[in-house]
>>> print(open('upload_24.cif').read())   # mmCIF, C-alpha atoms and all ligand atoms
data_model
#
loop_
_atom_site.label_atom_id
_atom_site.label_comp_id
_atom_site.auth_asym_id
_atom_site.auth_seq_id
_atom_site.Cartn_x
_atom_site.Cartn_y
_atom_site.Cartn_z
CA MET A 19 -64.88 52.43 -92.48
CA ILE A 20 -63.87 49.91 -89.77
CA ILE A 21 -61.34 47.25 -90.74
CA ALA A 22 -60.29 44.27 -88.63
CA LEU A 23 -56.79 42.83 -89.05
CA ILE A 24 -56.34 39.43 -87.42
CA VAL A 25 -52.71 38.34 -87.33
CA ALA A 26 -52.37 34.58 -87.43
CA ALA A 27 -49.05 34.07 -89.19
CA GLY A 28 -46.93 33.06 -86.18
CA ARG A 29 -45.40 29.59 -86.12
CA GLY A 30 -46.48 28.97 -82.52
CA GLU A 31 -43.32 27.06 -81.68
CA ARG A 32 -43.80 27.46 -77.91
CA LEU A 33 -47.06 25.51 -78.18
CA GLY A 34 -45.34 22.64 -80.00
CA ALA A 35 -48.52 21.54 -81.80
CA GLY A 36 -46.65 20.68 -85.00
CA ARG A 37 -48.70 23.15 -87.06
CA PRO A 38 -49.31 26.92 -87.01
CA LYS A 39 -50.94 27.89 -83.71
CA ALA A 40 -53.86 29.66 -85.39
CA PHE A 41 -54.94 26.37 -86.99
CA VAL A 42 -55.00 24.35 -83.77
CA GLU A 43 -58.58 23.31 -82.89
CA VAL A 44 -60.08 24.95 -79.81
CA ALA A 45 -63.56 23.93 -78.68
CA GLY A 46 -64.41 22.64 -82.15
CA ARG A 47 -63.09 25.48 -84.34
CA PRO A 48 -59.64 26.45 -85.65
CA MET A 49 -58.26 29.03 -83.20
CA PHE A 50 -58.36 31.95 -85.68
CA GLN A 51 -62.06 31.30 -86.42
CA TRP A 52 -63.10 32.46 -82.93
CA SER A 53 -61.60 35.89 -83.59
CA VAL A 54 -63.11 36.05 -87.09
CA ASP A 55 -66.53 35.24 -85.63
CA ALA A 56 -66.18 37.88 -82.88
CA MET A 57 -65.18 40.55 -85.43
CA SER A 58 -68.04 39.55 -87.78
CA GLY A 59 -70.53 40.21 -85.00
CA VAL A 60 -69.37 43.82 -84.44
CA ASP A 61 -71.75 46.50 -85.63
CA GLY A 62 -70.32 48.44 -88.59
CA MET A 63 -67.39 46.09 -89.25
CA ASP A 64 -66.69 46.54 -92.98
CA ARG A 65 -63.72 44.27 -93.75
CA ILE A 66 -61.88 41.43 -92.02
CA VAL A 67 -58.33 40.61 -93.13
CA LEU A 68 -56.46 37.56 -91.90
CA ALA A 69 -52.64 37.34 -92.09
CA LEU A 70 -51.72 33.66 -92.46
CA PRO A 71 -48.49 31.65 -92.65
CA PRO A 72 -47.46 31.58 -96.34
CA GLY A 73 -48.65 28.40 -98.01
CA THR A 74 -51.71 27.83 -95.79
CA ARG A 75 -55.21 27.68 -97.29
CA ALA A 76 -57.35 30.75 -96.71
CA PRO A 77 -60.77 30.21 -95.14
CA VAL A 78 -63.85 31.41 -97.02
CA GLY A 79 -65.45 34.76 -96.19
CA VAL A 80 -62.33 36.69 -95.22
CA ILE A 81 -59.59 38.51 -97.11
CA ALA A 82 -56.41 36.50 -96.56
CA VAL A 83 -52.82 37.68 -97.02
CA ASP A 84 -49.44 36.08 -96.43
CA GLY A 85 -47.98 37.18 -93.11
CA GLY A 86 -44.44 38.53 -92.78
CA ALA A 87 -41.33 37.61 -90.81
CA ALA A 88 -42.28 39.70 -87.75
CA ARG A 89 -45.70 40.34 -86.23
CA SER A 90 -45.72 43.98 -87.36
CA ASP A 91 -44.87 42.92 -90.93
CA SER A 92 -48.00 40.77 -90.84
CA VAL A 93 -50.03 43.78 -89.63
CA ARG A 94 -48.56 45.96 -92.39
CA ARG A 95 -49.34 43.40 -95.10
CA ALA A 96 -52.89 42.92 -93.84
CA LEU A 97 -53.52 46.68 -93.78
CA ALA A 98 -52.21 47.05 -97.34
CA ALA A 99 -54.95 44.66 -98.53
CA VAL A 100 -57.68 47.27 -97.93
CA GLU A 101 -57.73 50.61 -99.78
CA PRO A 102 -58.32 53.58 -97.46
CA GLU A 103 -61.76 55.20 -97.69
CA GLY A 104 -60.99 58.42 -95.80
CA PRO A 105 -59.16 59.96 -92.82
CA GLY A 106 -61.86 58.68 -90.47
CA ASP A 107 -61.02 55.02 -91.14
CA VAL A 108 -60.47 52.96 -88.01
CA VAL A 109 -58.43 49.74 -87.77
CA VAL A 110 -58.84 47.00 -85.16
CA VAL A 111 -55.70 44.86 -84.78
CA HIS A 112 -56.10 41.53 -83.03
CA ASP A 113 -53.93 38.45 -82.36
CA ALA A 114 -55.51 35.18 -83.46
CA ALA A 115 -53.78 33.76 -80.38
CA ARG A 116 -56.55 35.40 -78.27
CA PRO A 117 -59.60 33.33 -79.25
CA LEU A 118 -61.59 34.48 -76.18
CA VAL A 119 -62.06 38.01 -77.49
CA THR A 120 -65.71 39.10 -77.51
CA GLY A 121 -67.71 41.51 -79.64
CA GLU A 122 -68.43 43.38 -76.42
CA LEU A 123 -64.71 44.03 -75.76
CA ILE A 124 -64.04 45.07 -79.38
CA GLU A 125 -66.98 47.51 -79.21
CA ALA A 126 -65.81 48.89 -75.85
CA VAL A 127 -62.33 49.68 -77.25
CA LEU A 128 -63.82 51.16 -80.44
CA GLY A 129 -66.15 53.26 -78.29
CA VAL A 130 -63.33 54.78 -76.24
CA LEU A 131 -61.47 55.85 -79.40
CA ALA A 132 -64.64 57.21 -81.00
CA GLY A 133 -65.47 59.19 -77.86
CA ASP A 134 -62.23 61.21 -77.64
CA PRO A 135 -60.87 63.02 -80.73
CA SER A 136 -57.54 63.65 -78.93
CA LEU A 137 -56.76 59.91 -79.00
CA ASP A 138 -54.79 58.11 -81.72
CA ALA A 139 -55.50 54.63 -80.36
CA ALA A 140 -57.19 52.63 -77.62
CA ILE A 141 -55.99 49.24 -76.37
CA ALA A 142 -57.30 46.50 -74.09
CA ALA A 143 -55.16 45.65 -71.05
CA VAL A 144 -55.37 44.24 -67.52
CA PRO A 145 -53.70 45.55 -64.35
CA VAL A 146 -50.68 43.43 -63.41
CA ALA A 147 -51.42 41.21 -60.41
CA ASP A 148 -47.94 39.73 -59.88
CA THR A 149 -44.89 41.59 -58.61
CA VAL A 150 -42.64 42.11 -61.64
CA LYS A 151 -38.82 42.04 -61.43
CA ARG A 152 -36.18 42.64 -64.10
CA VAL A 153 -33.83 39.65 -64.17
CA ALA A 154 -30.40 39.40 -65.78
CA PRO A 155 -29.27 36.02 -67.10
CA ALA A 156 -27.11 34.21 -64.54
CA PRO A 157 -23.41 34.37 -65.43
CA SER A 158 -22.07 31.00 -66.58
CA PRO A 159 -20.12 29.33 -63.79
CA PRO A 160 -16.48 28.50 -64.57
CA ASP A 161 -17.38 24.82 -64.82
CA ALA A 162 -20.29 25.43 -67.26
CA GLY A 163 -20.86 22.33 -69.29
CA ARG A 164 -20.78 20.01 -66.30
CA ALA A 165 -23.53 17.45 -66.48
CA ASP A 166 -25.13 18.59 -63.19
CA ARG A 167 -25.72 22.22 -64.33
CA GLY A 168 -29.20 23.61 -63.86
CA SER A 169 -29.20 24.17 -60.11
CA GLU A 170 -28.02 27.81 -60.39
CA GLY A 171 -31.47 29.28 -61.19
CA ALA A 172 -32.73 31.33 -64.11
CA GLY A 173 -30.94 34.60 -63.35
CA ILE A 174 -30.23 37.39 -60.90
CA VAL A 175 -32.71 40.13 -59.91
CA VAL A 176 -31.70 43.59 -61.17
CA GLU A 177 -34.71 45.60 -60.00
CA THR A 178 -38.30 45.35 -58.79
CA LEU A 179 -40.78 47.46 -60.74
CA ASP A 180 -43.48 49.46 -58.97
CA ARG A 181 -46.58 47.40 -59.67
CA ALA A 182 -48.92 50.37 -59.30
CA GLY A 183 -49.59 51.63 -62.81
CA LEU A 184 -48.34 48.51 -64.62
CA TRP A 185 -50.77 46.95 -67.10
CA ALA A 186 -50.39 43.77 -69.16
CA VAL A 187 -51.41 44.68 -72.68
CA GLN A 188 -53.74 42.60 -74.83
CA THR A 189 -55.39 42.94 -78.20
CA PRO A 190 -57.77 44.25 -79.59
CA GLN A 191 -55.85 47.47 -80.24
CA VAL A 192 -57.83 50.08 -82.17
CA PHE A 193 -56.19 52.86 -84.23
CA ARG A 194 -57.10 55.78 -86.41
CA ARG A 195 -55.77 54.48 -89.74
CA PRO A 196 -53.47 57.44 -90.55
CA ALA A 197 -51.81 57.08 -87.11
CA LEU A 198 -51.31 53.32 -87.57
CA GLU A 199 -49.83 53.89 -91.03
CA ARG A 200 -47.33 56.38 -89.59
CA ALA A 201 -46.47 53.94 -86.80
CA LEU A 202 -45.88 51.04 -89.19
CA ASP A 203 -43.69 53.17 -91.44
CA ALA A 204 -40.68 52.26 -89.28
CA PRO A 205 -37.31 50.67 -90.12
CA ALA A 206 -37.31 46.86 -90.34
CA GLU A 207 -35.25 46.51 -87.15
CA VAL A 208 -37.81 48.57 -85.18
CA LEU A 209 -40.73 46.55 -86.60
CA ALA A 210 -38.90 43.35 -85.65
CA GLN A 211 -38.63 44.57 -82.04
CA ALA A 212 -42.32 45.46 -81.67
CA THR A 213 -44.41 43.04 -79.61
CA ASP A 214 -47.49 45.24 -80.09
CA ASP A 215 -48.51 48.01 -82.49
CA ALA A 216 -49.32 50.62 -79.86
CA TRP A 217 -45.61 50.82 -78.96
CA LEU A 218 -44.79 51.82 -82.55
CA LEU A 219 -47.22 54.72 -82.14
CA GLU A 220 -46.05 55.63 -78.62
CA ARG A 221 -42.49 56.10 -79.90
CA LEU A 222 -43.84 58.81 -82.24
CA GLY A 223 -45.65 60.54 -79.35
CA GLY A 224 -49.09 59.10 -80.14
CA ARG A 225 -51.83 59.24 -77.49
CA VAL A 226 -53.01 55.76 -76.53
CA ALA A 227 -55.89 55.08 -74.11
CA VAL A 228 -56.10 51.91 -72.05
CA VAL A 229 -59.40 50.08 -71.68
CA ALA A 230 -59.70 47.49 -68.90
CA GLY A 231 -60.23 44.12 -70.60
CA PRO A 232 -61.27 40.85 -68.98
CA ALA A 233 -58.50 38.52 -67.73
CA GLU A 234 -60.37 35.84 -69.69
CA ASN A 235 -59.04 37.37 -72.95
CA LEU A 236 -55.87 35.33 -72.51
CA LYS A 237 -53.17 34.71 -75.10
CA VAL A 238 -52.64 31.07 -76.00
CA THR A 239 -48.90 30.47 -75.78
CA THR A 240 -48.49 27.21 -73.86
CA GLU A 241 -50.35 23.91 -73.62
CA LEU A 242 -51.88 25.11 -70.32
CA ASP A 243 -53.29 28.24 -72.02
CA LEU A 244 -54.79 26.01 -74.69
CA GLU A 245 -56.49 23.82 -72.06
CA LEU A 246 -57.88 26.92 -70.34
CA ALA A 247 -59.14 28.40 -73.61
CA GLU A 248 -60.80 25.08 -74.46
CA LEU A 249 -62.58 25.00 -71.09
CA LEU A 250 -63.70 28.63 -71.19
CA LEU A 251 -64.94 28.53 -74.80
CA THR A 252 -66.76 25.23 -74.25
CA ARG A 253 -68.47 26.77 -71.19
CA ARG A 254 -69.37 29.88 -73.19
CA GLU A 255 -70.98 27.78 -75.93
CA GLN A 256 -73.23 25.94 -73.48
CA PRO A 257 -76.86 27.16 -73.50
O1 LIG A 301 -45.51 35.57 -81.22
P1 LIG A 301 -46.63 36.28 -80.55
O2 LIG A 301 -47.29 35.44 -79.49
O3 LIG A 301 -46.33 37.67 -80.08
O4 LIG A 301 -47.73 36.44 -81.69
C1 LIG A 301 -48.87 37.21 -81.49
C2 LIG A 301 -49.76 37.09 -82.73
O5 LIG A 301 -49.06 37.57 -83.87
C3 LIG A 301 -50.19 35.64 -83.04
O6 LIG A 301 -51.58 35.63 -83.32
C4 LIG A 301 -49.34 35.28 -84.24
O7 LIG A 301 -49.98 34.37 -85.13
C5 LIG A 301 -49.15 36.63 -84.92
N1 LIG A 301 -47.91 36.71 -85.73
C6 LIG A 301 -48.00 36.99 -87.09
N2 LIG A 301 -46.86 37.06 -87.86
C7 LIG A 301 -45.66 36.84 -87.30
C8 LIG A 301 -45.54 36.55 -85.92
C9 LIG A 301 -46.69 36.49 -85.15
O8 LIG A 301 -49.11 37.17 -87.62
N3 LIG A 301 -44.59 36.89 -88.09
#
>>> encode(input="upload_24.cif", output="structure tokens")
Amino acid sequence: MIIALIVAAGRGERLGAGRPKAFVEVAGRPMFQWSVDAMSGVDGMDRIVLALPPGTRAPVGVIAVDGGAARSDSVRRALAAVEPEGPGDVVVVHDAARPLVTGELIEAVLGVLAGDPSLDAAIAAVPVADTVKRVAPAPSPPDAGRADRGSEGAGIVVETLDRAGLWAVQTPQVFRRPALERALDAPAEVLAQATDDAWLLERLGGRVAVVAGPAENLKVTTELDLELAELLLTRREQP
């Protein structure tokens, strides 16, 4: 059985839309609907579960659950909504904040996992194009609180990472269900720290393959991302 879990329970405060990010309209549909539609089009997809902010109305045609305090809590609650069928069950986890996901990408990630029995998971990612530095917060100057603060910069460089071999991770992330269950069976403070589910599996020694995804599969975090997503989805819909 293949199960899709779409997590849409974030508050989306960085977007400042005044409502949960997943419900913001993008190119004529609520943001989460684009991911639901992509999952529905995947061959062999058996169930789609949507984790929503508590108190929001569930859309028709999907199993909806209340999301949790942290992203991984939402994943755990969504997974619990579907009884396992057998050890061969596969779970696709996807952020509703990535409305540009395609059936083609989901199938590519599923295909990599299916093709290698030594793998526990396969995840979409893109090679990092920018040079990445670790930055420590700037120490407060002795006269912090002065009205003209703000000219001291955002912080001080601690190190520059070797860009070769760095990948920016996306969703979909595809797991063998027993491996994902083990990964999610972590203390609350570890779940709260997780920004993706593959990390929870990596810390147990799980084997995770990376599949090159398109840069277009962006995550909507800011107003600019939303404008880009609107443009790209509108273009995609044109005949
Ligand atoms: O906050 P972040 O951008 O990492 O959220 C990624 C995805 O996880 C979003 O689709 C968001 O709706 C979802 N999420 C969730 N439950 C939370 C926090 C985030 O379903 N408690």
>>> residues_near_ligand(input="upload_24.cif", ligand="ligand LIG 301 (chain A)", cutoff="8 Å", atoms="all atoms listed in the file", output="ChimeraX atom specification")
/A:24-30,38-40,69-71,85-93,112-116,213-214,237-239
>>> atom_distance(input="upload_24.cif", atom1="atom CA of Val44 of chain A", atom2="atom CA of Asp243 of chain A")
10.8 Å
>>> closest_residue(input="upload_24.cif", among="A:Ala182, A:Leu202, A:Val54, A:Leu97", to="Gly79 of chain A", atoms="only C-alpha atoms")
A:Val54
>>> closest_residue(input="upload_24.cif", among="A:Met63, A:Ala76, A:Ala186, A:Ala82", to="Pro145 of chain A", atoms="all atoms listed in the file")
A:Ala186
>>> closest_residue(input="upload_24.cif", among="A:Arg181, A:Glu122, A:Met57, A:Gly129", to="Ala147 of chain A", atoms="all atoms listed in the file")
A:Arg181
>>> residues_around(input="upload_24.cif", residues="segment 194-199 of chain A", least_positions_apart="4", cutoff="12 Å", atoms="only C-alpha atoms", output="compact mmCIF listing (two decimals) with C-alpha atoms, keeping the file's coordinate frame")
# COMPACT_ATOMS: atom_id res chain seq x y z
CA MET A 19 -64.88 52.43 -92.48
CA ILE A 20 -63.87 49.91 -89.77
CA ILE A 21 -61.34 47.25 -90.74
CA ALA A 22 -60.29 44.27 -88.63
CA LEU A 23 -56.79 42.83 -89.05
CA SER A 90 -45.72 43.98 -87.36
CA VAL A 93 -50.03 43.78 -89.63
CA ARG A 94 -48.56 45.96 -92.39
CA ARG A 95 -49.34 43.40 -95.10
CA ALA A 96 -52.89 42.92 -93.84
CA LEU A 97 -53.52 46.68 -93.78
CA ALA A 98 -52.21 47.05 -97.34
CA VAL A 100 -57.68 47.27 -97.93
CA GLU A 101 -57.73 50.61 -99.78
CA PRO A 102 -58.32 53.58 -97.46
CA GLU A 103 -61.76 55.20 -97.69
CA GLY A 104 -60.99 58.42 -95.80
CA PRO A 105 -59.16 59.96 -92.82
CA GLY A 106 -61.86 58.68 -90.47
CA ASP A 107 -61.02 55.02 -91.14
CA VAL A 108 -60.47 52.96 -88.01
CA VAL A 109 -58.43 49.74 -87.77
CA VAL A 110 -58.84 47.00 -85.16
CA VAL A 111 -55.70 44.86 -84.78
CA LEU A 128 -63.82 51.16 -80.44
CA VAL A 130 -63.33 54.78 -76.24
CA LEU A 131 -61.47 55.85 -79.40
CA ALA A 132 -64.64 57.21 -81.00
CA ASP A 134 -62.23 61.21 -77.64
CA PRO A 135 -60.87 63.02 -80.73
CA SER A 136 -57.54 63.65 -78.93
CA LEU A 137 -56.76 59.91 -79.00
CA ASP A 138 -54.79 58.11 -81.72
CA ALA A 139 -55.50 54.63 -80.36
CA ALA A 140 -57.19 52.63 -77.62
CA ASP A 203 -43.69 53.17 -91.44
CA ALA A 204 -40.68 52.26 -89.28
CA ASP A 214 -47.49 45.24 -80.09
CA ASP A 215 -48.51 48.01 -82.49
CA ALA A 216 -49.32 50.62 -79.86
CA TRP A 217 -45.61 50.82 -78.96
CA LEU A 218 -44.79 51.82 -82.55
CA LEU A 219 -47.22 54.72 -82.14
CA GLU A 220 -46.05 55.63 -78.62
CA ARG A 221 -42.49 56.10 -79.90
CA LEU A 222 -43.84 58.81 -82.24
CA GLY A 223 -45.65 60.54 -79.35
CA GLY A 224 -49.09 59.10 -80.14
CA ARG A 225 -51.83 59.24 -77.49
CA VAL A 226 -53.01 55.76 -76.53
>>> residues_around(input="upload_24.cif", residues="Ala233 of chain A", least_positions_apart="6", cutoff="12 Å", atoms="all atoms listed in the file", output="ChimeraX atom specification")
/A:116,118-119,123,142-147,185-189,246-247,250
>>> write_last_selection(input="upload_24.cif", atoms="C-alpha atoms", output="CSV table (one decimal), in the frame of the given file")
chain,number,residue,atom,x,y,z
A,116,ARG,CA,-56.6,35.4,-78.3
A,118,LEU,CA,-61.6,34.5,-76.2
A,119,VAL,CA,-62.1,38.0,-77.5
A,123,LEU,CA,-64.7,44.0,-75.8
A,142,ALA,CA,-57.3,46.5,-74.1
A,143,ALA,CA,-55.2,45.6,-71.0
A,144,VAL,CA,-55.4,44.2,-67.5
A,145,PRO,CA,-53.7,45.6,-64.4
A,146,VAL,CA,-50.7,43.4,-63.4
A,147,ALA,CA,-51.4,41.2,-60.4
A,185,TRP,CA,-50.8,47.0,-67.1
A,186,ALA,CA,-50.4,43.8,-69.2
A,187,VAL,CA,-51.4,44.7,-72.7
A,188,GLN,CA,-53.7,42.6,-74.8
A,189,THR,CA,-55.4,42.9,-78.2
A,246,LEU,CA,-57.9,26.9,-70.3
A,247,ALA,CA,-59.1,28.4,-73.6
A,250,LEU,CA,-63.7,28.6,-71.2
>>> residues_around(input="upload_24.cif", residues="Gln51 of chain A", least_positions_apart="2", cutoff="9 Å", atoms="only C-alpha atoms", output="list in words")
Ala40, Phe41, Arg47, Pro48, Met49, Ser53, Val54, Asp55, Ala56, Pro77, Ala114 and Pro117 of chain A
>>> atom_distance(input="upload_24.cif", atom1="atom CA of Glu31 of chain A", atom2="atom CA of Gln211 of chain A")
18.1 Å
>>> atom_distance(input="upload_24.cif", atom1="atom CA of Gly183 of chain A", atom2="atom CA of Val229 of chain A")
13.3 Å
>>> closest_residue(input="upload_24.cif", among="A:Gly121, A:Gln191, A:Ala126, A:Val153", to="Gly173 of chain A", atoms="all atoms listed in the file")
A:Val153
>>> residues_around(input="upload_24.cif", residues="Leu179 of chain A", least_positions_apart="4", cutoff="9 Å", atoms="only C-alpha atoms", output="PyMOL selection string")
chain A and resi 149-152+184
>>> residues_around(input="upload_24.cif", residues="Gly171 of chain A", least_positions_apart="5", cutoff="12 Å", atoms="only C-alpha atoms", output="CSV table (one decimal) with C-alpha atoms, keeping the file's coordinate frame")
chain,number,residue,atom,x,y,z
A,153,VAL,CA,-33.8,39.6,-64.2
A,154,ALA,CA,-30.4,39.4,-65.8
A,155,PRO,CA,-29.3,36.0,-67.1
A,156,ALA,CA,-27.1,34.2,-64.5
A,157,PRO,CA,-23.4,34.4,-65.4
A,158,SER,CA,-22.1,31.0,-66.6
A,159,PRO,CA,-20.1,29.3,-63.8
>>> decode(input="upload_24.cif", residues="segment 134-144 of chain A", atoms="all heavy atoms", output="PDB file, in the first residue's frame")
ATOM      1  N   ASP A 134      15.768  -0.334  -4.887  1.00  0.00           N
ATOM      2  CA  ASP A 134      16.942  -0.705  -4.089  1.00  0.00           C
ATOM      3  C   ASP A 134      16.500  -1.167  -2.694  1.00  0.00           C
ATOM      4  O   ASP A 134      16.198  -0.339  -1.826  1.00  0.00           O
ATOM      5  CB  ASP A 134      17.887   0.512  -3.984  1.00  0.00           C
ATOM      6  CG  ASP A 134      19.176   0.177  -3.237  1.00  0.00           C
ATOM      7  OD1 ASP A 134      19.240  -0.891  -2.588  1.00  0.00           O
ATOM      8  OD2 ASP A 134      20.097   1.007  -3.297  1.00  0.00           O
ATOM      9  N   PRO A 135      16.480  -2.482  -2.463  1.00  0.00           N
ATOM     10  CA  PRO A 135      16.003  -2.999  -1.173  1.00  0.00           C
ATOM     11  C   PRO A 135      16.875  -2.578   0.017  1.00  0.00           C
ATOM     12  O   PRO A 135      16.428  -2.657   1.159  1.00  0.00           O
ATOM     13  CB  PRO A 135      16.061  -4.526  -1.340  1.00  0.00           C
ATOM     14  CG  PRO A 135      16.388  -4.783  -2.762  1.00  0.00           C
ATOM     15  CD  PRO A 135      16.894  -3.535  -3.386  1.00  0.00           C
ATOM     16  N   SER A 136      18.110  -2.094  -0.255  1.00  0.00           N
ATOM     17  CA  SER A 136      18.972  -1.681   0.873  1.00  0.00           C
ATOM     18  C   SER A 136      18.565  -0.308   1.428  1.00  0.00           C
ATOM     19  O   SER A 136      19.049   0.115   2.473  1.00  0.00           O
ATOM     20  CB  SER A 136      20.442  -1.622   0.434  1.00  0.00           C
ATOM     21  OG  SER A 136      20.694  -0.433  -0.296  1.00  0.00           O
ATOM     22  N   LEU A 137      17.678   0.393   0.712  1.00  0.00           N
ATOM     23  CA  LEU A 137      17.296   1.748   1.144  1.00  0.00           C
ATOM     24  C   LEU A 137      16.133   1.725   2.132  1.00  0.00           C
ATOM     25  O   LEU A 137      15.233   0.883   2.027  1.00  0.00           O
ATOM     26  CB  LEU A 137      16.865   2.589  -0.060  1.00  0.00           C
ATOM     27  CG  LEU A 137      17.930   2.933  -1.097  1.00  0.00           C
ATOM     28  CD1 LEU A 137      17.285   3.669  -2.283  1.00  0.00           C
ATOM     29  CD2 LEU A 137      19.024   3.800  -0.469  1.00  0.00           C
ATOM     30  N   ASP A 138      16.155   2.677   3.071  1.00  0.00           N
ATOM     31  CA  ASP A 138      15.025   2.878   3.979  1.00  0.00           C
ATOM     32  C   ASP A 138      14.146   4.030   3.501  1.00  0.00           C
ATOM     33  O   ASP A 138      12.976   4.120   3.870  1.00  0.00           O
ATOM     34  CB  ASP A 138      15.535   3.218   5.391  1.00  0.00           C
ATOM     35  CG  ASP A 138      16.347   2.081   5.973  1.00  0.00           C
ATOM     36  OD1 ASP A 138      15.781   0.990   6.146  1.00  0.00           O
ATOM     37  OD2 ASP A 138      17.553   2.286   6.225  1.00  0.00           O
ATOM     38  N   ALA A 139      14.755   4.940   2.723  1.00  0.00           N
ATOM     39  CA  ALA A 139      14.028   6.138   2.296  1.00  0.00           C
ATOM     40  C   ALA A 139      14.693   6.739   1.073  1.00  0.00           C
ATOM     41  O   ALA A 139      15.869   6.460   0.784  1.00  0.00           O
ATOM     42  CB  ALA A 139      14.009   7.171   3.427  1.00  0.00           C
ATOM     43  N   ALA A 140      13.932   7.561   0.355  1.00  0.00           N
ATOM     44  CA  ALA A 140      14.487   8.343  -0.761  1.00  0.00           C
ATOM     45  C   ALA A 140      13.846   9.724  -0.689  1.00  0.00           C
ATOM     46  O   ALA A 140      12.652   9.850  -0.389  1.00  0.00           O
ATOM     47  CB  ALA A 140      14.179   7.673  -2.089  1.00  0.00           C
ATOM     48  N   ILE A 141      14.660  10.757  -0.918  1.00  0.00           N
ATOM     49  CA  ILE A 141      14.174  12.138  -0.739  1.00  0.00           C
ATOM     50  C   ILE A 141      14.573  13.006  -1.935  1.00  0.00           C
ATOM     51  O   ILE A 141      15.629  12.821  -2.521  1.00  0.00           O
ATOM     52  CB  ILE A 141      14.723  12.776   0.559  1.00  0.00           C
ATOM     53  CG1 ILE A 141      16.262  12.888   0.539  1.00  0.00           C
ATOM     54  CG2 ILE A 141      14.292  11.966   1.776  1.00  0.00           C
ATOM     55  CD1 ILE A 141      16.857  13.603   1.753  1.00  0.00           C
ATOM     56  N   ALA A 142      13.717  13.973  -2.258  1.00  0.00           N
ATOM     57  CA  ALA A 142      14.035  14.927  -3.322  1.00  0.00           C
ATOM     58  C   ALA A 142      14.914  16.036  -2.745  1.00  0.00           C
ATOM     59  O   ALA A 142      14.737  16.444  -1.592  1.00  0.00           O
ATOM     60  CB  ALA A 142      12.748  15.526  -3.879  1.00  0.00           C
ATOM     61  N   ALA A 143      15.865  16.505  -3.539  1.00  0.00           N
ATOM     62  CA  ALA A 143      16.763  17.581  -3.091  1.00  0.00           C
ATOM     63  C   ALA A 143      17.398  18.230  -4.313  1.00  0.00           C
ATOM     64  O   ALA A 143      17.389  17.653  -5.408  1.00  0.00           O
ATOM     65  CB  ALA A 143      17.847  17.023  -2.172  1.00  0.00           C
ATOM     66  N   VAL A 144      17.948  19.440  -4.105  1.00  0.00           N
ATOM     67  CA  VAL A 144      18.686  20.115  -5.188  1.00  0.00           C
ATOM     68  C   VAL A 144      20.081  20.490  -4.702  1.00  0.00           C
ATOM     69  O   VAL A 144      20.249  20.866  -3.534  1.00  0.00           O
ATOM     70  CB  VAL A 144      17.972  21.397  -5.701  1.00  0.00           C
ATOM     71  CG1 VAL A 144      16.734  21.061  -6.500  1.00  0.00           C
ATOM     72  CG2 VAL A 144      17.611  22.329  -4.563  1.00  0.00           C
TER      73      VAL A 144
END
